[in-house]
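Novice: For reference, this is query37.pdb, and it has PDB, C-alpha atoms and all ligand atoms.
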```pdb
ATOM      1  CA  MET A   1     -12.869 -23.220  62.303  1.00  0.00           C
ATOM      2  CA  ALA A   2     -14.992 -25.780  60.497  1.00  0.00           C
ATOM      3  CA  ASP A   3     -13.035 -28.431  58.584  1.00  0.00           C
ATOM      4  CA  GLU A   4     -14.578 -27.502  55.240  1.00  0.00           C
ATOM      5  CA  GLY A   5     -13.113 -23.980  55.420  1.00  0.00           C
ATOM      6  CA  PHE A   6     -14.690 -20.733  54.249  1.00  0.00           C
ATOM      7  CA  GLN A   7     -14.910 -18.596  51.104  1.00  0.00           C
ATOM      8  CA  TRP A   8     -12.101 -16.078  51.064  1.00  0.00           C
ATOM      9  CA  THR A   9     -10.750 -13.420  48.680  1.00  0.00           C
ATOM     10  CA  CYS A  10      -7.074 -12.526  48.886  1.00  0.00           C
ATOM     11  CA  PRO A  11      -6.725  -8.744  49.391  1.00  0.00           C
ATOM     12  CA  PHE A  12      -3.282  -8.801  47.715  1.00  0.00           C
ATOM     13  CA  CYS A  13      -4.259 -10.411  44.388  1.00  0.00           C
ATOM     14  CA  GLY A  14      -8.092 -10.562  44.428  1.00  0.00           C
ATOM     15  CA  HIS A  15      -8.071 -14.362  43.913  1.00  0.00           C
ATOM     16  CA  HIS A  16     -11.283 -16.087  45.192  1.00  0.00           C
ATOM     17  CA  GLN A  17     -10.550 -19.326  47.031  1.00  0.00           C
ATOM     18  CA  MET A  18     -11.403 -21.580  49.977  1.00  0.00           C
ATOM     19  CA  ALA A  19      -9.486 -20.913  53.179  1.00  0.00           C
ATOM     20  CA  THR A  20      -8.937 -24.344  54.722  1.00  0.00           C
ATOM     21  CA  ALA A  21      -7.016 -25.821  57.656  1.00  0.00           C
ATOM     22  CA  GLN A  22      -4.000 -26.131  55.306  1.00  0.00           C
ATOM     23  CA  ASN A  23      -3.625 -22.389  54.756  1.00  0.00           C
ATOM     24  CA  THR A  24      -5.398 -20.844  57.763  1.00  0.00           C
ATOM     25  CA  HIS A  25      -4.230 -20.383  61.339  1.00  0.00           C
ATOM     26  CA  ILE A  26      -6.490 -19.044  64.117  1.00  0.00           C
ATOM     27  CA  ASP A  27      -5.310 -18.779  67.713  1.00  0.00           C
ATOM     28  CA  TYR A  28      -6.435 -17.196  70.973  1.00  0.00           C
ATOM     29  CA  THR A  29      -4.350 -16.281  74.017  1.00  0.00           C
ATOM     30  CA  HIS A  30      -6.047 -15.373  77.285  1.00  0.00           C
ATOM     31  CA  PHE A  31      -4.309 -12.619  79.278  1.00  0.00           C
ATOM     32  CA  PHE A  32      -3.673 -13.610  82.898  1.00  0.00           C
ATOM     33  CA  ILE A  33      -3.701 -10.009  84.064  1.00  0.00           C
ATOM     34  CA  GLY A  34      -6.773  -9.969  86.304  1.00  0.00           C
ATOM     35  CA  THR A  35     -10.085  -8.315  85.540  1.00  0.00           C
ATOM     36  CA  SER A  36      -9.830  -5.091  83.496  1.00  0.00           C
ATOM     37  CA  LYS A  37     -12.511  -2.490  82.764  1.00  0.00           C
ATOM     38  CA  TYR A  38     -13.430  -4.793  79.872  1.00  0.00           C
ATOM     39  CA  GLY A  39     -13.520  -7.830  82.136  1.00  0.00           C
ATOM     40  CA  LYS A  40     -11.217 -10.776  81.382  1.00  0.00           C
ATOM     41  CA  THR A  41      -9.478 -10.214  78.059  1.00  0.00           C
ATOM     42  CA  GLY A  42      -7.193 -11.797  75.486  1.00  0.00           C
ATOM     43  CA  LEU A  43      -5.707 -11.562  72.000  1.00  0.00           C
ATOM     44  CA  SER A  44      -6.632 -13.446  68.852  1.00  0.00           C
ATOM     45  CA  HIS A  45      -4.443 -13.711  65.789  1.00  0.00           C
ATOM     46  CA  THR A  46      -5.353 -15.054  62.389  1.00  0.00           C
ATOM     47  CA  ALA A  47      -3.138 -15.784  59.397  1.00  0.00           C
ATOM     48  CA  VAL A  48      -4.282 -16.920  55.953  1.00  0.00           C
ATOM     49  CA  ARG A  49      -1.885 -17.817  53.131  1.00  0.00           C
ATOM     50  CA  CYS A  50      -3.073 -17.176  49.577  1.00  0.00           C
ATOM     51  CA  VAL A  51      -3.077 -20.389  47.508  1.00  0.00           C
ATOM     52  CA  ASN A  52      -2.542 -18.527  44.218  1.00  0.00           C
ATOM     53  CA  PRO A  53       1.086 -19.564  43.424  1.00  0.00           C
ATOM     54  CA  GLN A  54       1.813 -16.204  41.756  1.00  0.00           C
ATOM     55  CA  CYS A  55       0.857 -14.419  44.988  1.00  0.00           C
ATOM     56  CA  ASN A  56       1.402 -16.772  47.974  1.00  0.00           C
ATOM     57  CA  GLU A  57       1.004 -13.775  50.336  1.00  0.00           C
ATOM     58  CA  VAL A  58       0.130 -13.901  54.030  1.00  0.00           C
ATOM     59  CA  VAL A  59      -2.768 -11.907  55.457  1.00  0.00           C
ATOM     60  CA  VAL A  60      -2.536 -11.257  59.215  1.00  0.00           C
ATOM     61  CA  THR A  61      -5.183  -9.848  61.557  1.00  0.00           C
ATOM     62  CA  ALA A  62      -5.248  -9.467  65.351  1.00  0.00           C
ATOM     63  CA  GLY A  63      -8.118  -8.849  67.752  1.00  0.00           C
ATOM     64  CA  PHE A  64      -8.553  -7.722  71.350  1.00  0.00           C
ATOM     65  CA  HIS A  65     -11.453  -9.621  72.931  1.00  0.00           C
ATOM     66  CA  GLU A  66     -13.342 -10.350  76.096  1.00  0.00           C
ATOM     67  CA  SER A  67     -12.416 -13.800  77.358  1.00  0.00           C
ATOM     68  CA  ALA A  68     -15.238 -16.222  78.058  1.00  0.00           C
ATOM     69  CA  ALA A  69     -14.740 -18.948  80.691  1.00  0.00           C
ATOM     70  CA  ARG A  70     -15.142 -22.446  79.309  1.00  0.00           C
ATOM     71  CA  GLY A  71     -14.558 -24.971  82.081  1.00  0.00           C
ATOM     72  CA  ALA A  72     -11.031 -24.389  83.391  1.00  0.00           C
ATOM     73  CA  ASN A  73     -10.054 -22.508  80.195  1.00  0.00           C
ATOM     74  CA  TYR A  74     -10.818 -19.196  78.582  1.00  0.00           C
ATOM     75  CA  ILE A  75     -11.997 -18.838  74.992  1.00  0.00           C
ATOM     76  CA  GLN A  76     -12.466 -15.864  72.680  1.00  0.00           C
ATOM     77  CA  GLY A  77     -15.584 -13.833  73.534  1.00  0.00           C
ATOM     78  CA  GLU A  78     -16.944 -10.517  72.234  1.00  0.00           C
ATOM     79  CA  THR A  79     -14.584  -8.441  70.078  1.00  0.00           C
ATOM     80  CA  ILE A  80     -13.411  -5.135  71.559  1.00  0.00           C
ATOM     81  CA  GLU A  81     -11.021  -4.063  68.811  1.00  0.00           C
ATOM     82  CA  LEU A  82      -9.713  -5.514  65.529  1.00  0.00           C
ATOM     83  CA  TRP A  83      -6.515  -4.704  63.610  1.00  0.00           C
ATOM     84  CA  ARG A  84      -5.749  -5.422  60.022  1.00  0.00           C
ATOM     85  CA  LEU A  85      -1.984  -5.954  60.248  1.00  0.00           C
ATOM     86  CA  ARG A  86      -1.224  -6.913  56.671  1.00  0.00           C
ATOM     87  CA  PRO A  87      -2.193  -5.674  54.264  1.00  0.00           C
ATOM     88  CA  GLU A  88      -2.853  -2.524  56.247  1.00  0.00           C
ATOM     89  CA  SER A  89      -5.512  -1.256  53.883  1.00  0.00           C
ATOM     90  CA  SER A  90      -8.968  -2.566  52.978  1.00  0.00           C
ATOM     91  CA  SER A  91      -8.527  -1.574  49.327  1.00  0.00           C
ATOM     92  CA  LYS A  92      -9.393  -4.042  46.577  1.00  0.00           C
ATOM     93  CA  VAL A  93      -6.919  -4.794  43.784  1.00  0.00           C
ATOM     94  CA  GLN A  94      -7.889  -2.747  40.730  1.00  0.00           C
ATOM     95  CA  PRO A  95      -6.945  -3.643  37.133  1.00  0.00           C
ATOM     96  CA  ASP A  96      -4.116  -1.853  35.318  1.00  0.00           C
ATOM     97  CA  TYR A  97      -6.380  -0.420  32.609  1.00  0.00           C
ATOM     98  CA  ILE A  98      -7.859   1.980  35.191  1.00  0.00           C
ATOM     99  CA  PRO A  99      -5.632   5.113  34.988  1.00  0.00           C
ATOM    100  CA  LYS A 100      -2.840   5.049  37.560  1.00  0.00           C
ATOM    101  CA  PRO A 101      -3.600   8.432  39.240  1.00  0.00           C
ATOM    102  CA  LEU A 102      -7.152   7.217  39.961  1.00  0.00           C
ATOM    103  CA  ARG A 103      -5.946   3.918  41.395  1.00  0.00           C
ATOM    104  CA  GLU A 104      -3.343   5.698  43.539  1.00  0.00           C
ATOM    105  CA  ASP A 105      -5.887   8.125  45.013  1.00  0.00           C
ATOM    106  CA  TYR A 106      -8.177   5.191  45.750  1.00  0.00           C
ATOM    107  CA  TYR A 107      -5.476   3.040  47.414  1.00  0.00           C
ATOM    108  CA  GLU A 108      -4.258   5.957  49.516  1.00  0.00           C
ATOM    109  CA  ALA A 109      -7.784   6.929  50.572  1.00  0.00           C
ATOM    110  CA  CYS A 110      -8.382   3.343  51.765  1.00  0.00           C
ATOM    111  CA  LEU A 111      -5.065   3.308  53.627  1.00  0.00           C
ATOM    112  CA  ILE A 112      -5.698   6.472  55.674  1.00  0.00           C
ATOM    113  CA  ARG A 113      -9.470   6.165  56.069  1.00  0.00           C
ATOM    114  CA  ASP A 114      -9.430   5.414  59.802  1.00  0.00           C
ATOM    115  CA  LYS A 115      -6.481   7.581  60.820  1.00  0.00           C
ATOM    116  CA  SER A 116      -7.392  10.612  58.741  1.00  0.00           C
ATOM    117  CA  PRO A 117     -10.924  10.402  57.350  1.00  0.00           C
ATOM    118  CA  LYS A 118     -10.824  14.052  56.276  1.00  0.00           C
ATOM    119  CA  ALA A 119      -7.731  13.521  54.095  1.00  0.00           C
ATOM    120  CA  ALA A 120      -9.155  10.211  52.837  1.00  0.00           C
ATOM    121  CA  ALA A 121     -12.394  11.943  51.829  1.00  0.00           C
ATOM    122  CA  THR A 122     -10.451  14.681  50.023  1.00  0.00           C
ATOM    123  CA  LEU A 123      -8.511  12.083  48.034  1.00  0.00           C
ATOM    124  CA  ALA A 124     -11.634  10.061  47.316  1.00  0.00           C
ATOM    125  CA  ARG A 125     -13.415  13.172  46.098  1.00  0.00           C
ATOM    126  CA  ARG A 126     -10.501  13.996  43.795  1.00  0.00           C
ATOM    127  CA  CYS A 127     -10.643  10.415  42.479  1.00  0.00           C
ATOM    128  CA  LEU A 128     -14.375  10.767  41.701  1.00  0.00           C
ATOM    129  CA  GLN A 129     -13.732  14.025  39.877  1.00  0.00           C
ATOM    130  CA  GLY A 130     -10.840  12.395  38.001  1.00  0.00           C
ATOM    131  CA  MET A 131     -13.171   9.614  36.868  1.00  0.00           C
ATOM    132  CA  ILE A 132     -15.733  12.078  35.496  1.00  0.00           C
ATOM    133  CA  ARG A 133     -12.927  13.817  33.601  1.00  0.00           C
ATOM    134  CA  ASP A 134     -11.319  10.642  32.264  1.00  0.00           C
ATOM    135  CA  PHE A 135     -14.275   8.332  31.666  1.00  0.00           C
ATOM    136  CA  CYS A 136     -16.981  10.871  30.839  1.00  0.00           C
ATOM    137  CA  LYS A 137     -14.648  13.415  29.198  1.00  0.00           C
ATOM    138  CA  ILE A 138     -16.230  16.261  31.165  1.00  0.00           C
ATOM    139  CA  SER A 139     -13.896  18.811  32.717  1.00  0.00           C
ATOM    140  CA  LYS A 140     -15.101  21.874  34.650  1.00  0.00           C
ATOM    141  CA  ALA A 141     -13.625  23.836  37.544  1.00  0.00           C
ATOM    142  CA  ARG A 142     -16.147  22.574  40.090  1.00  0.00           C
ATOM    143  CA  LEU A 143     -17.493  19.080  40.697  1.00  0.00           C
ATOM    144  CA  ILE A 144     -21.077  20.375  40.830  1.00  0.00           C
ATOM    145  CA  ASP A 145     -20.735  21.816  37.309  1.00  0.00           C
ATOM    146  CA  GLU A 146     -19.338  18.512  36.071  1.00  0.00           C
ATOM    147  CA  ILE A 147     -22.223  16.612  37.666  1.00  0.00           C
ATOM    148  CA  ASN A 148     -24.764  18.935  35.987  1.00  0.00           C
ATOM    149  CA  GLU A 149     -23.002  18.590  32.636  1.00  0.00           C
ATOM    150  CA  LEU A 150     -23.054  14.810  33.018  1.00  0.00           C
ATOM    151  CA  LYS A 151     -26.800  14.905  33.797  1.00  0.00           C
ATOM    152  CA  ASN A 152     -27.344  16.949  30.606  1.00  0.00           C
ATOM    153  CA  ALA A 153     -25.250  14.498  28.579  1.00  0.00           C
ATOM    154  CA  LEU A 154     -27.342  11.618  29.946  1.00  0.00           C
ATOM    155  CA  ASN A 155     -30.601  13.392  29.061  1.00  0.00           C
ATOM    156  CA  ASP A 156     -29.321  14.032  25.523  1.00  0.00           C
ATOM    157  CA  GLY A 157     -28.211  10.418  25.175  1.00  0.00           C
ATOM    158  CA  HIS A 158     -24.524  11.379  24.926  1.00  0.00           C
ATOM    159  CA  ALA A 159     -23.283   9.957  28.233  1.00  0.00           C
ATOM    160  CA  PRO A 160     -20.803   7.057  27.978  1.00  0.00           C
ATOM    161  CA  LYS A 161     -22.222   3.517  28.295  1.00  0.00           C
ATOM    162  CA  GLY A 162     -22.554   2.474  31.934  1.00  0.00           C
ATOM    163  CA  VAL A 163     -23.378   5.947  33.263  1.00  0.00           C
ATOM    164  CA  GLU A 164     -26.755   5.802  35.024  1.00  0.00           C
ATOM    165  CA  LEU A 165     -28.844   8.598  36.539  1.00  0.00           C
ATOM    166  CA  GLU A 166     -28.799   6.941  39.964  1.00  0.00           C
ATOM    167  CA  THR A 167     -24.991   6.893  40.040  1.00  0.00           C
ATOM    168  CA  ILE A 168     -24.837  10.574  39.068  1.00  0.00           C
ATOM    169  CA  GLU A 169     -27.288  11.283  41.893  1.00  0.00           C
ATOM    170  CA  ALA A 170     -25.109   9.277  44.293  1.00  0.00           C
ATOM    171  CA  ILE A 171     -22.053  11.369  43.329  1.00  0.00           C
ATOM    172  CA  ASP A 172     -24.158  14.487  43.817  1.00  0.00           C
ATOM    173  CA  ALA A 173     -25.240  13.289  47.270  1.00  0.00           C
ATOM    174  CA  VAL A 174     -21.660  12.809  48.541  1.00  0.00           C
ATOM    175  CA  ARG A 175     -19.960  15.662  46.684  1.00  0.00           C
ATOM    176  CA  ASP A 176     -19.740  17.912  49.766  1.00  0.00           C
ATOM    177  CA  ILE A 177     -17.852  15.298  51.808  1.00  0.00           C
ATOM    178  CA  GLY A 178     -14.151  16.051  51.641  1.00  0.00           C
ATOM    179  CA  ASN A 179     -14.675  19.380  49.885  1.00  0.00           C
ATOM    180  CA  ILE A 180     -12.103  21.176  52.031  1.00  0.00           C
ATOM    181  CA  GLY A 181     -11.236  23.870  49.500  1.00  0.00           C
ATOM    182  CA  ALA A 182     -14.750  25.298  49.242  1.00  0.00           C
ATOM    183  CA  HIS A 183     -15.341  25.348  53.002  1.00  0.00           C
ATOM    184  CA  MET A 184     -11.996  27.014  53.713  1.00  0.00           C
ATOM    185  CA  GLU A 185     -12.810  29.858  51.357  1.00  0.00           C
ATOM    186  CA  GLN A 186     -16.120  30.513  53.089  1.00  0.00           C
ATOM    187  CA  ASP A 187     -15.084  30.331  56.713  1.00  0.00           C
ATOM    188  CA  ILE A 188     -11.643  29.395  57.916  1.00  0.00           C
ATOM    189  CA  ASN A 189     -12.974  28.687  61.416  1.00  0.00           C
ATOM    190  CA  LEU A 190     -15.580  26.289  60.183  1.00  0.00           C
ATOM    191  CA  ILE A 191     -13.996  22.874  60.370  1.00  0.00           C
ATOM    192  CA  ILE A 192     -16.093  20.267  58.654  1.00  0.00           C
ATOM    193  CA  GLU A 193     -15.355  17.003  60.364  1.00  0.00           C
ATOM    194  CA  VAL A 194     -15.453  13.810  58.339  1.00  0.00           C
ATOM    195  CA  GLU A 195     -16.275  10.491  59.979  1.00  0.00           C
ATOM    196  CA  PRO A 196     -14.563   7.274  58.775  1.00  0.00           C
ATOM    197  CA  GLY A 197     -18.026   6.080  57.673  1.00  0.00           C
ATOM    198  CA  GLU A 198     -18.418   9.111  55.395  1.00  0.00           C
ATOM    199  CA  ALA A 199     -14.995   8.550  53.842  1.00  0.00           C
ATOM    200  CA  GLN A 200     -15.982   4.898  53.374  1.00  0.00           C
ATOM    201  CA  ALA A 201     -19.171   5.967  51.552  1.00  0.00           C
ATOM    202  CA  LEU A 202     -16.977   7.789  49.014  1.00  0.00           C
ATOM    203  CA  ILE A 203     -14.654   4.778  48.741  1.00  0.00           C
ATOM    204  CA  ASP A 204     -17.648   2.455  48.181  1.00  0.00           C
ATOM    205  CA  LEU A 205     -18.867   4.728  45.415  1.00  0.00           C
ATOM    206  CA  ILE A 206     -15.425   4.733  43.752  1.00  0.00           C
ATOM    207  CA  GLU A 207     -15.323   0.914  43.836  1.00  0.00           C
ATOM    208  CA  MET A 208     -18.790   0.791  42.291  1.00  0.00           C
ATOM    209  CA  LEU A 209     -17.827   3.209  39.506  1.00  0.00           C
ATOM    210  CA  PHE A 210     -14.553   1.350  38.791  1.00  0.00           C
ATOM    211  CA  ASP A 211     -16.778  -1.681  38.333  1.00  0.00           C
ATOM    212  CA  GLU A 212     -19.682  -0.159  36.394  1.00  0.00           C
ATOM    213  CA  TRP A 213     -17.610   2.125  34.227  1.00  0.00           C
ATOM    214  CA  TYR A 214     -14.079   0.826  33.634  1.00  0.00           C
ATOM    215  CA  ILE A 215     -14.374  -2.911  34.272  1.00  0.00           C
ATOM    216  CA  ALA A 216     -17.733  -3.221  32.442  1.00  0.00           C
ATOM    217  CA  ARG A 217     -16.351  -1.288  29.460  1.00  0.00           C
ATOM    218  CA  HIS A 218     -13.232  -3.480  29.366  1.00  0.00           C
ATOM    219  CA  LYS A 219     -15.307  -6.685  29.465  1.00  0.00           C
ATOM    220  CA  ARG A 220     -17.567  -5.367  26.701  1.00  0.00           C
ATOM    221  CA  GLU A 221     -14.587  -4.474  24.527  1.00  0.00           C
ATOM    222  CA  GLN A 222     -13.038  -7.902  25.077  1.00  0.00           C
ATOM    223  CA  LYS A 223     -16.260  -9.716  24.186  1.00  0.00           C
ATOM    224  CA  LEU A 224     -16.625  -7.641  21.010  1.00  0.00           C
ATOM    225  CA  ALA A 225     -13.016  -8.335  20.076  1.00  0.00           C
ATOM    226  CA  ASP A 226     -13.705 -12.075  20.515  1.00  0.00           C
ATOM    227  CA  VAL A 227     -16.777 -11.852  18.293  1.00  0.00           C
ATOM    228  CA  ARG A 228     -14.823  -9.940  15.650  1.00  0.00           C
ATOM    229  CA  ALA A 229     -12.015 -12.506  15.764  1.00  0.00           C
ATOM    230  CA  ILE A 230     -14.461 -15.382  15.303  1.00  0.00           C
ATOM    231  CA  ALA A 231     -16.183 -13.558  12.411  1.00  0.00           C
ATOM    232  CA  ALA A 232     -12.821 -12.859  10.737  1.00  0.00           C
ATOM    233  CA  GLU A 233     -11.811 -16.485  11.129  1.00  0.00           C
ATOM    234  CA  LYS A 234     -15.103 -17.685   9.599  1.00  0.00           C
ATOM    235  CA  LYS A 235     -14.701 -15.219   6.729  1.00  0.00           C
ATOM    236  CA  ALA A 236     -11.193 -16.486   6.006  1.00  0.00           C
ATOM    237  CA  ILE A 237     -12.382 -20.112   5.986  1.00  0.00           C
ATOM    238  CA  ILE A 238     -15.229 -19.275   3.574  1.00  0.00           C
ATOM    239  CA  ALA A 239     -12.873 -17.286   1.309  1.00  0.00           C
ATOM    240  CA  GLU A 240     -10.436 -20.175   1.286  1.00  0.00           C
ATOM    241  CA  GLY A 241     -13.202 -22.647   0.425  1.00  0.00           C
ATOM    242  CA  ARG A 242     -14.397 -20.450  -2.439  1.00  0.00           C
ATOM    243  CA  ALA A 243     -10.875 -20.064  -3.767  1.00  0.00           C
ATOM    244  CA  GLN A 244     -10.461 -23.840  -3.759  1.00  0.00           C
ATOM    245  CA  ILE A 245     -13.719 -24.342  -5.660  1.00  0.00           C
ATOM    246  CA  ALA A 246     -12.757 -21.661  -8.215  1.00  0.00           C
ATOM    247  CA  GLN A 247      -9.336 -23.265  -8.609  1.00  0.00           C
ATOM    248  CA  ALA A 248     -10.884 -26.689  -9.182  1.00  0.00           C
ATOM    249  CA  LYS A 249     -13.260 -25.237 -11.770  1.00  0.00           C
ATOM    250  CA  ALA A 250     -10.417 -23.460 -13.562  1.00  0.00           C
ATOM    251  CA  ALA A 251      -8.367 -26.648 -13.596  1.00  0.00           C
ATOM    252  CA  ALA A 252     -11.325 -28.592 -15.047  1.00  0.00           C
ATOM    253  CA  ILE A 253     -11.722 -26.072 -17.885  1.00  0.00           C
ATOM    254  CA  ALA A 254      -7.983 -25.934 -18.653  1.00  0.00           C
ATOM    255  CA  ASP A 255      -7.596 -29.655 -18.546  1.00  0.00           C
ATOM    256  CA  PRO A 256     -10.878 -31.293 -19.723  1.00  0.00           C
ATOM    257  CA  VAL A 257     -11.224 -34.958 -18.968  1.00  0.00           C
ATOM    258  CA  ASP A 258     -10.926 -37.096 -22.095  1.00  0.00           C
ATOM    259  CA  GLU A 259     -14.137 -38.694 -23.220  1.00  0.00           C
TER
HETATM  260 ZN    ZN A 301      -3.171 -13.602  46.752  1.00  0.00          ZN
END
```
Give the structure from the file, written as structure tokens.
Specialist:
Amino acid sequence: MADEGFQWTCPFCGHHQMATAQNTHIDYTHFFIGTSKYGKTGLSHTAVRCVNPQCNEVVVTAGFHESAARGANYIQGETIELWRLRPESSSKVQPDYIPKPLREDYYEACLIRDKSPKAAATLARRCLQGMIRDFCKISKARLIDEINELKNALNDGHAPKGVELETIEAIDAVRDIGNIGAHMEQDINLIIEVEPGEAQALIDLIEMLFDEWYIARHKREQKLADVRAIAAEKKAIIAEGRAQIAQAKAAAIADPVDE
């Protein structure tokens, strides 16, 4: 690792920071087990401690690699497999003002994405539908009906701020992924497989909508509250100044200065 470190975001708390030699450990062990089908191999392990004092968590990853000969030693070569040991999931920390059921579906979908992409996609799809119901206040039996209703609302200018046509089209494009219920009704023998990449596409979309809908709305509300607070403060100062002037005038009339 270079001495100057690298940009790093803690997956536990979302804190952006520099990972430096003080809080990062990277090590490689060559396996003296002969030549496998992968050639010479070894294990890497990496640990990074979060410098945010409120978090101070440890992120651990391990990797199975080809070993490359370097003089009399072996160093880490091409990666064969990587494991995220802790935290186990690739989910990003989401703020508390996003409704809990939505956050839970999202976290769980991230956690099981690789082991059960089909279940992850089903959860992610439910999360998307939950967002349309909560954020856009549109509730229909089927996701496709909700998407159409949202398109109509957008055309009429009634869609909530932050809802764009391209995001509605993106939801429409992925709405069949993870739609187990509908496929089961049609043909029980038809098993629609879901690849981890497809489940990840749904997860990416959820993260984008958390950002564009909930987080953007929260930031807007906070900014407006700040503006209102400043305006109220200014108003109070002006009112106080006027009251003082009026008081001074009244005092002058009641108690005229002797000539
Ligand atoms: Zn942290």
Novice: Could you pull the residues within 10 Å of A:Arg86, counting all atoms listed in the file, minus those fewer than 5 positions along the same chain, as a list in words?
Specialist: Pro11, Phe12, Ala47, Glu57, Val58, Val59, Val60, Thr61 and Ala62 of chain A
Novice: For the contact check between chain A and ligand ZN 301 (chain A), emit one row per residue of chain A within 7 Å, containing the shortest atom pair and the distance in Å rounded to one decimal, counting all atoms listed in the file, chain then rising number order, as JSON lines.
Specialist:
```
{"residue": "A:Cys10", "atom": "CA", "partner": "A:ZN301", "partner_atom": "ZN", "distance": 4.6}
{"residue": "A:Pro11", "atom": "CA", "partner": "A:ZN301", "partner_atom": "ZN", "distance": 6.6}
{"residue": "A:Phe12", "atom": "CA", "partner": "A:ZN301", "partner_atom": "ZN", "distance": 4.9}
{"residue": "A:Cys13", "atom": "CA", "partner": "A:ZN301", "partner_atom": "ZN", "distance": 4.1}
{"residue": "A:Gly14", "atom": "CA", "partner": "A:ZN301", "partner_atom": "ZN", "distance": 6.2}
{"residue": "A:His15", "atom": "CA", "partner": "A:ZN301", "partner_atom": "ZN", "distance": 5.7}
{"residue": "A:Cys50", "atom": "CA", "partner": "A:ZN301", "partner_atom": "ZN", "distance": 4.6}
{"residue": "A:Val51", "atom": "CA", "partner": "A:ZN301", "partner_atom": "ZN", "distance": 6.8}
{"residue": "A:Asn52", "atom": "CA", "partner": "A:ZN301", "partner_atom": "ZN", "distance": 5.6}
{"residue": "A:Cys55", "atom": "CA", "partner": "A:ZN301", "partner_atom": "ZN", "distance": 4.5}
{"residue": "A:Asn56", "atom": "CA", "partner": "A:ZN301", "partner_atom": "ZN", "distance": 5.7}
{"residue": "A:Glu57", "atom": "CA", "partner": "A:ZN301", "partner_atom": "ZN", "distance": 5.5}
```
Novice: Atom CA of A:Glu81 and atom CA of A:Gln22, how far apart in Å?
Specialist: 26.8 Å
Novice: So how many Å separate atom CA of A:Ile206 and atom CA of A:Glu146, to one decimal?
Specialist: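 So the two atoms, atom CA of A:Ile206 and atom CA of A:Glu146, lie 16.3 Å apart.
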Novice: Mind telling me what the PyMOL selection byres (((chain A and resi 32-45) around 9) and not hetatm) catches here, as a list of chain:residue names?
Specialist: A:His25, A:Ile26, A:Asp27, A:Tyr28, A:Thr29, A:His30, A:Phe31, A:Thr46, A:Ala47, A:Val60, A:Thr61, A:Ala62, A:Gly63, A:Phe64, A:His65, A:Glu66, A:Ser67, A:Ala68, A:Ala69, A:Tyr74, A:Ile75, A:Gln76, A:Gly77, A:Ile80
Novice: Calculate how many Å separate atom CA of A:Thr9 from atom CA of A:Arg103, rounding to one decimal.
Specialist: 19.4 Å
Novice: Evaluate the PyMOL selection byres (((chain A and resi 159) around 12) and not hetatm) against this structure - the residues, as a list in words, please.
Specialist: Ile132, Phe135, Cys136, Lys137, Ile138, Ile147, Asn148, Glu149, Leu150, Lys151, Asn152, Ala153, Leu154, Asn155, Asp156, Gly157, His158, Pro160, Lys161, Gly162, Val163, Glu164, Leu165, Ile168 and Trp213 of chain A
Novice: Excluding same-chain residues fewer than 5 positions from A:Ile98, what lies within 12 Å of it counting only C-alpha atoms, as a list in words?
Specialist: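 What passes the distance filter is Val93, Arg103, Glu104, Asp105, Tyr106, Cys127, Gly130, Met131, Asp134, Phe135, Ile206, Glu207, Leu209, Phe210, Asp211, Trp213, Tyr214, Ile215, Ala216, Arg217 and His218 of chain A.
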Novice: Here is a test: counting only C-alpha atoms, which residue of A:Asp145, A:Asp172, A:Glu195, A:Glu78 is nearest to A:Asp114?
Specialist: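 Of the candidates, the smallest distance to A:Asp114 is held by A:Glu195.
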Novice: For A:Leu128, find every residue with an atom within 9 Å (counting all atoms listed in the file), except residues of its own chain fewer than 3 positions away, and show them as a PyMOL selection string.
Specialist: chain A and resi 102+123-125+131-133+143+171+175+202+205-206+209
Novice: Point out the residue among A:Arg113, A:Arg70, A:Lys235, A:Arg220 with the least atom-to-atom distance to A:Ser91, counting all atoms listed in the file.
Specialist: A:Arg113
Novice: Around all of stretch 173-176 of chain A's listed atoms, make the axis-aligned box with 3 Å on each side and tell me centre and edge lengths in Å to one decimal, as lines of an AutoDock Vina configuration file.
Specialist:
```
center_x = -22.5
center_y = 15.4
center_z = 48.2
size_x = 11.5
size_y = 11.1
size_z = 9.1
```
Novice: Taking all atoms listed in the file into account, which of A:Asp204, A:Asp255, A:Glu193, A:Glu108 comes nearest A:Ala170?
Specialist: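 With all atoms listed in the file as the atom set, the closest residue is A:Asp204.
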Novice: Between A:Gly178, A:Pro196, A:Gly5, A:Pro95, single out the one closest to A:Ala19, counting all atoms listed in the file.
Specialist: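 Under the stated criterion, the closest residue is A:Gly5.
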